[in-house]
Amino acid sequence: MRVNQKDLLAFVVAHDRLREIDMRYSYIFPDDSQHAQVIPHPSLQILTCRTPLLSSQTPVPTNLTHFYRPYLLSRQLPGIVALLGPQLVSLRVGECFPIERSSPWSLLDVVTNFPRLRFFHVEMFHTSLPSLGTTLVDWFRDRQASRVLIARPKIVLAWTNKQQFLRTEKQEIEWDQYVDKFAVRVLTEWDNYIERIIYRHSARPYISVTLDAAGGMGGQLVKAEDTDMRDDYWKHV
């Protein structure tokens with residue numbers, strides 16, 4: 001059902017005790033004065049939006065700690081940092097569209113720009129062959145700096161395809177092997193900052209992986225179905 005934008009804005013503005021607002025299907029832009037101060041609510045903790053709406057909100061609600069941007073360009077992550085970096089606990093970003101002259105971030109960029117972040121969910125485009133996107137974050141860039149310890153909570157990473165496709169058993173095994181190998185590298189090289197990794201590359205259940213107590217280069221992958229993980233998990237961290 002399509003909602004009239006004017007009615008939606010009136011509803012949001014009138015209900016100033018909302019804890020969560022989902023405006024992913026709202027095409028609202030900050031250069032329109034009638035849209036200013038749509039979400040100044042001090043009670044707001046969870047926000048989903050797919051437009052530059054947030055940048056028009058001054059000040060940004062200080063209790064806003066959980067944010068989901070369903071689609072973004074690779075250059076727009078610094079904008080999220082500028083507005084919400086110091087306060088975000090959970091960040092979910094949708095499929096990232098690459099643009100010219102835009103370099104991916106490293107995990108070091110993530111941990112330094114989001115000092116309170118404990119959950120980072122990255123959605124990726126579906127591909128027929130096993131792969132993990134690096135348009136937004138290059139998971140192995142600046143890995144030499146991963147030995148530098150910054151006092152902060154560890155992060156749970158989540159890697160998912162937004163569209164869940166059924167695959168053959170052979171394809172499932174190939175994908176599992178690829179993602180497991182990728183996850184071991186990330187967990188090993190960034191063990192100071194990454195607690196565990198959750199992934200889902202098809203219609204099968206979510207998988208959680210971590211390293212055993214040995215840690216470091218000698219750590220073995222511990223893998224199990226994650227029965228707590230679901231699509232809205234980012235809201236409840």
# chains A, B, ... in the order shown; residues from 1 in each chain; ligands from 1
>>> residues_around(residues="segment 169-185 of chain A", least_positions_apart="6", cutoff="12 Å", atoms="only C-alpha atoms", output="CSV table (one decimal) with N, CA and C atoms, in the first residue's frame")
chain,number,residue,atom,x,y,z
A,126,HIS,N,23.7,-10.5,-4.8
A,126,HIS,CA,23.8,-11.9,-5.2
A,126,HIS,C,24.7,-12.1,-6.3
A,127,THR,N,25.5,-13.2,-6.2
A,127,THR,CA,26.4,-13.6,-7.3
A,127,THR,C,26.3,-15.1,-7.5
A,128,SER,N,26.5,-15.5,-8.7
A,128,SER,CA,26.3,-17.0,-9.0
A,128,SER,C,27.5,-17.8,-8.4
A,129,LEU,N,28.7,-17.1,-8.5
A,129,LEU,CA,29.9,-17.8,-7.9
A,129,LEU,C,30.2,-17.3,-6.5
A,130,PRO,N,30.8,-18.1,-5.7
A,130,PRO,CA,31.1,-17.6,-4.3
A,130,PRO,C,31.9,-16.4,-4.3
A,131,SER,N,31.5,-15.4,-3.6
A,131,SER,CA,32.2,-14.1,-3.4
A,131,SER,C,31.6,-13.3,-2.3
A,132,LEU,N,32.4,-12.4,-1.8
A,132,LEU,CA,31.9,-11.4,-0.7
A,132,LEU,C,32.3,-10.1,-1.2
A,133,GLY,N,31.4,-9.2,-1.2
A,133,GLY,CA,31.6,-7.8,-1.8
A,133,GLY,C,32.6,-7.0,-1.0
A,138,ASP,N,36.8,-3.2,2.3
A,138,ASP,CA,37.8,-4.2,1.9
A,138,ASP,C,38.3,-4.9,3.2
A,139,TRP,N,37.8,-6.1,3.4
A,139,TRP,CA,38.0,-6.8,4.7
A,139,TRP,C,39.4,-7.1,5.1
A,140,PHE,N,40.4,-7.0,4.2
A,140,PHE,CA,41.8,-7.2,4.5
A,140,PHE,C,42.7,-6.0,4.3
A,141,ARG,N,42.1,-4.9,4.0
A,141,ARG,CA,42.9,-3.7,3.8
A,141,ARG,C,43.4,-3.2,5.2
A,143,ARG,N,45.4,-4.5,7.2
A,143,ARG,CA,45.4,-5.6,8.3
A,143,ARG,C,46.7,-5.5,9.1
A,156,VAL,N,30.3,-7.9,16.2
A,156,VAL,CA,29.8,-9.0,15.5
A,156,VAL,C,29.5,-8.6,14.1
A,157,LEU,N,30.1,-9.3,13.1
A,157,LEU,CA,29.9,-9.0,11.7
A,157,LEU,C,28.8,-9.9,11.2
A,158,ALA,N,27.9,-9.4,10.3
A,158,ALA,CA,26.9,-10.2,9.6
A,158,ALA,C,27.1,-10.0,8.1
A,159,TRP,N,27.2,-11.0,7.3
A,159,TRP,CA,27.3,-11.0,5.9
A,159,TRP,C,26.1,-11.7,5.3
A,160,THR,N,25.2,-11.0,4.5
A,160,THR,CA,24.1,-11.7,3.9
A,160,THR,C,23.8,-11.2,2.5
A,191,ASP,N,41.3,-10.2,15.1
A,191,ASP,CA,40.8,-10.8,16.4
A,191,ASP,C,40.7,-9.8,17.5
A,194,ILE,N,37.0,-8.2,16.2
A,194,ILE,CA,35.9,-9.0,15.7
A,194,ILE,C,35.6,-10.2,16.6
A,195,GLU,N,34.4,-10.2,17.2
A,195,GLU,CA,34.0,-11.3,18.1
A,195,GLU,C,33.7,-12.6,17.3
A,196,ARG,N,32.8,-12.4,16.4
A,196,ARG,CA,32.3,-13.6,15.5
A,196,ARG,C,31.7,-13.1,14.3
A,197,ILE,N,31.4,-14.0,13.4
A,197,ILE,CA,30.8,-13.6,12.1
A,197,ILE,C,29.6,-14.5,11.8
A,198,ILE,N,28.5,-13.8,11.4
A,198,ILE,CA,27.3,-14.5,11.1
A,198,ILE,C,27.1,-14.4,9.5
A,199,TYR,N,26.8,-15.5,8.9
A,199,TYR,CA,26.6,-15.3,7.4
A,199,TYR,C,25.4,-16.1,7.0
A,200,ARG,N,24.8,-15.7,5.8
A,200,ARG,CA,23.7,-16.4,5.2
A,200,ARG,C,23.8,-16.1,3.7
A,201,HIS,N,24.1,-17.1,2.9
A,201,HIS,CA,24.3,-16.8,1.5
A,201,HIS,C,23.2,-17.4,0.6
A,202,SER,N,22.3,-18.1,1.2
A,202,SER,CA,21.2,-18.7,0.5
A,202,SER,C,20.0,-18.8,1.4
A,203,ALA,N,19.0,-19.6,1.0
A,203,ALA,CA,17.8,-19.7,1.8
A,203,ALA,C,17.9,-20.6,3.1
A,204,ARG,N,19.1,-21.1,3.3
A,204,ARG,CA,19.4,-21.9,4.5
A,204,ARG,C,19.5,-21.1,5.7
A,205,PRO,N,19.5,-21.7,6.9
A,205,PRO,CA,19.6,-20.9,8.2
A,205,PRO,C,20.9,-20.1,8.3
A,206,TYR,N,20.9,-19.1,9.2
A,206,TYR,CA,22.1,-18.3,9.4
A,206,TYR,C,23.1,-19.2,10.1
A,207,ILE,N,24.4,-19.0,9.8
A,207,ILE,CA,25.5,-19.7,10.4
A,207,ILE,C,26.4,-18.7,11.2
A,208,SER,N,26.8,-19.1,12.4
A,208,SER,CA,27.7,-18.3,13.2
A,208,SER,C,29.0,-19.0,13.2
A,209,VAL,N,30.1,-18.2,13.0
A,209,VAL,CA,31.5,-18.8,13.1
A,209,VAL,C,32.4,-18.0,14.0
A,210,THR,N,33.2,-18.6,14.6
A,210,THR,CA,34.2,-18.0,15.5
A,210,THR,C,35.4,-18.9,15.6
A,211,LEU,N,36.5,-18.5,16.2
A,211,LEU,CA,37.7,-19.3,16.4
A,211,LEU,C,37.6,-19.9,17.8
A,212,ASP,N,38.2,-21.1,18.0
A,212,ASP,CA,38.3,-21.7,19.3
A,212,ASP,C,39.2,-20.9,20.2
A,215,GLY,N,42.8,-19.3,19.4
A,215,GLY,CA,42.9,-18.0,18.8
A,215,GLY,C,44.1,-17.9,17.9
A,216,GLY,N,44.3,-16.7,17.4
A,216,GLY,CA,45.5,-16.4,16.6
A,216,GLY,C,45.5,-17.3,15.4
A,217,MET,N,46.8,-17.5,14.9
A,217,MET,CA,47.0,-18.3,13.7
A,217,MET,C,46.6,-19.7,13.9
A,218,GLY,N,46.6,-20.2,15.2
A,218,GLY,CA,46.4,-21.6,15.5
A,218,GLY,C,44.9,-21.9,15.7
A,219,GLY,N,44.1,-20.9,15.7
A,219,GLY,CA,42.7,-21.1,16.0
A,219,GLY,C,41.9,-21.9,14.9
A,220,GLN,N,41.0,-22.8,15.3
A,220,GLN,CA,40.2,-23.6,14.4
A,220,GLN,C,38.8,-23.0,14.4
A,221,LEU,N,38.2,-23.1,13.2
A,221,LEU,CA,36.9,-22.5,13.0
A,221,LEU,C,35.9,-23.3,13.8
A,222,VAL,N,35.0,-22.6,14.6
A,222,VAL,CA,33.9,-23.2,15.3
A,222,VAL,C,32.7,-22.7,14.6
A,223,LYS,N,31.8,-23.6,14.1
A,223,LYS,CA,30.7,-23.3,13.2
A,223,LYS,C,29.4,-23.9,13.7
A,224,ALA,N,28.3,-23.1,13.8
A,224,ALA,CA,27.1,-23.6,14.3
A,224,ALA,C,25.9,-22.8,13.7
>>> residues_around(residues="segment 116-119 of chain A", least_positions_apart="3", cutoff="6 Å", atoms="only C-alpha atoms", output="PDB file with C-alpha atoms, in the first residue's frame")
ATOM      1  CA  LEU A  88      25.849   3.985  16.896  1.00  0.00           C
ATOM      2  CA  VAL A  89      25.711   0.571  18.541  1.00  0.00           C
ATOM      3  CA  SER A  90      24.230  -1.268  15.553  1.00  0.00           C
ATOM      4  CA  ILE A 155      32.031  -6.277  16.835  1.00  0.00           C
ATOM      5  CA  VAL A 156      29.804  -9.044  15.519  1.00  0.00           C
TER       6      VAL A 156
END
>>> atom_distance(atom1="atom CA of Val13 of chain A", atom2="atom CA of His66 of chain A")
19.7 Å
>>> atom_distance(atom1="atom CA of Ile80 of chain A", atom2="atom CA of Val93 of chain A")
10.4 Å
>>> select_by_dssp(residues="segment 42-206 of chain A", states="strand (DSSP E or B)", output="ChimeraX atom specification")
/A:46-49,66-73,90-97,105,119-124,137,155-161,194-200
>>> closest_residue(among="A:Cys96, A:Cys49, A:Leu136, A:Leu91", to="Tyr233 of chain A", atoms="only C-alpha atoms")
A:Leu91
>>> select_by_dssp(residues="segment 37-172 of chain A", states="helix (DSSP H, G or I)", output="PyMOL selection string")
chain A and resi 52-56+74-84+107-113+143-147+169-172
>>> atom_distance(atom1="atom CA of Pro61 of chain A", atom2="atom CA of Ser102 of chain A")
29.0 Å
>>> closest_residue(among="A:Arg152, A:Trp234, A:Glu20, A:Gln45", to="Arg92 of chain A", atoms="only C-alpha atoms")
A:Trp234
>>> closest_residue(among="A:Gly85, A:Pro115, A:Gly79, A:Pro104", to="Leu54 of chain A", atoms="only C-alpha atoms")
A:Gly79
>>> residues_around(residues="Arg17 of chain A", least_positions_apart="4", cutoff="8 Å", atoms="only C-alpha atoms", output="ChimeraX atom specification")
/A:41-44
>>> closest_residue(among="A:Ile46, A:Asn192, A:Leu187, A:Val81", to="His236 of chain A", atoms="only C-alpha atoms")
A:Ile46
>>> decode(residues="segment 171-190 of chain A", atoms="N, CA and C atoms", output="mmCIF file, in the first residue's frame")
data_model
loop_
_atom_site.group_PDB
_atom_site.id
_atom_site.type_symbol
_atom_site.label_atom_id
_atom_site.label_comp_id
_atom_site.auth_asym_id
_atom_site.auth_seq_id
_atom_site.Cartn_x
_atom_site.Cartn_y
_atom_site.Cartn_z
ATOM 1 N N GLN A 171 26.623 -26.508 -4.856
ATOM 2 C CA GLN A 171 26.840 -25.064 -4.756
ATOM 3 C C GLN A 171 26.865 -24.608 -3.300
ATOM 4 N N GLU A 172 25.993 -25.179 -2.482
ATOM 5 C CA GLU A 172 25.971 -24.824 -1.062
ATOM 6 C C GLU A 172 27.312 -25.140 -0.406
ATOM 7 N N ILE A 173 27.863 -26.304 -0.718
ATOM 8 C CA ILE A 173 29.145 -26.708 -0.144
ATOM 9 C C ILE A 173 30.252 -25.762 -0.595
ATOM 10 N N GLU A 174 30.250 -25.414 -1.877
ATOM 11 C CA GLU A 174 31.269 -24.503 -2.407
ATOM 12 C C GLU A 174 31.184 -23.140 -1.731
ATOM 13 N N TRP A 175 29.960 -22.640 -1.553
ATOM 14 C CA TRP A 175 29.790 -21.350 -0.886
ATOM 15 C C TRP A 175 30.233 -21.424 0.571
ATOM 16 N N ASP A 176 29.840 -22.484 1.264
ATOM 17 C CA ASP A 176 30.243 -22.644 2.664
ATOM 18 C C ASP A 176 31.764 -22.645 2.797
ATOM 19 N N GLN A 177 32.424 -23.397 1.945
ATOM 20 C CA GLN A 177 33.880 -23.488 2.013
ATOM 21 C C GLN A 177 34.525 -22.130 1.756
ATOM 22 N N TYR A 178 33.991 -21.403 0.790
ATOM 23 C CA TYR A 178 34.549 -20.088 0.462
ATOM 24 C C TYR A 178 34.366 -19.111 1.626
ATOM 25 N N VAL A 179 33.140 -19.010 2.139
ATOM 26 C CA VAL A 179 32.868 -18.046 3.212
ATOM 27 C C VAL A 179 33.595 -18.440 4.492
ATOM 28 N N ASP A 180 33.660 -19.731 4.789
ATOM 29 C CA ASP A 180 34.384 -20.178 5.982
ATOM 30 C C ASP A 180 35.859 -19.774 5.911
ATOM 31 N N LYS A 181 36.467 -19.990 4.751
ATOM 32 C CA LYS A 181 37.875 -19.626 4.579
ATOM 33 C C LYS A 181 38.067 -18.116 4.726
ATOM 34 N N PHE A 182 37.147 -17.362 4.155
ATOM 35 C CA PHE A 182 37.188 -15.902 4.247
ATOM 36 C C PHE A 182 37.038 -15.468 5.705
ATOM 37 N N ALA A 183 36.094 -16.096 6.413
ATOM 38 C CA ALA A 183 35.825 -15.736 7.805
ATOM 39 C C ALA A 183 37.021 -16.031 8.707
ATOM 40 N N VAL A 184 37.704 -17.151 8.468
ATOM 41 C CA VAL A 184 38.884 -17.486 9.271
ATOM 42 C C VAL A 184 39.937 -16.395 9.143
ATOM 43 N N ARG A 185 40.147 -15.908 7.937
ATOM 44 C CA ARG A 185 41.137 -14.842 7.731
ATOM 45 C C ARG A 185 40.757 -13.581 8.489
ATOM 46 N N VAL A 186 39.485 -13.195 8.395
ATOM 47 C CA VAL A 186 39.045 -11.978 9.083
ATOM 48 C C VAL A 186 39.153 -12.149 10.597
ATOM 49 N N LEU A 187 38.692 -13.283 11.108
ATOM 50 C CA LEU A 187 38.735 -13.522 12.553
ATOM 51 C C LEU A 187 40.170 -13.612 13.069
ATOM 52 N N THR A 188 41.065 -14.131 12.251
ATOM 53 C CA THR A 188 42.460 -14.254 12.656
ATOM 54 C C THR A 188 43.172 -12.903 12.624
ATOM 55 N N GLU A 189 42.998 -12.184 11.523
ATOM 56 C CA GLU A 189 43.740 -10.942 11.340
ATOM 57 C C GLU A 189 43.141 -9.774 12.120
ATOM 58 N N TRP A 190 41.864 -9.873 12.465
ATOM 59 C CA TRP A 190 41.203 -8.783 13.184
ATOM 60 C C TRP A 190 40.638 -9.269 14.518
#
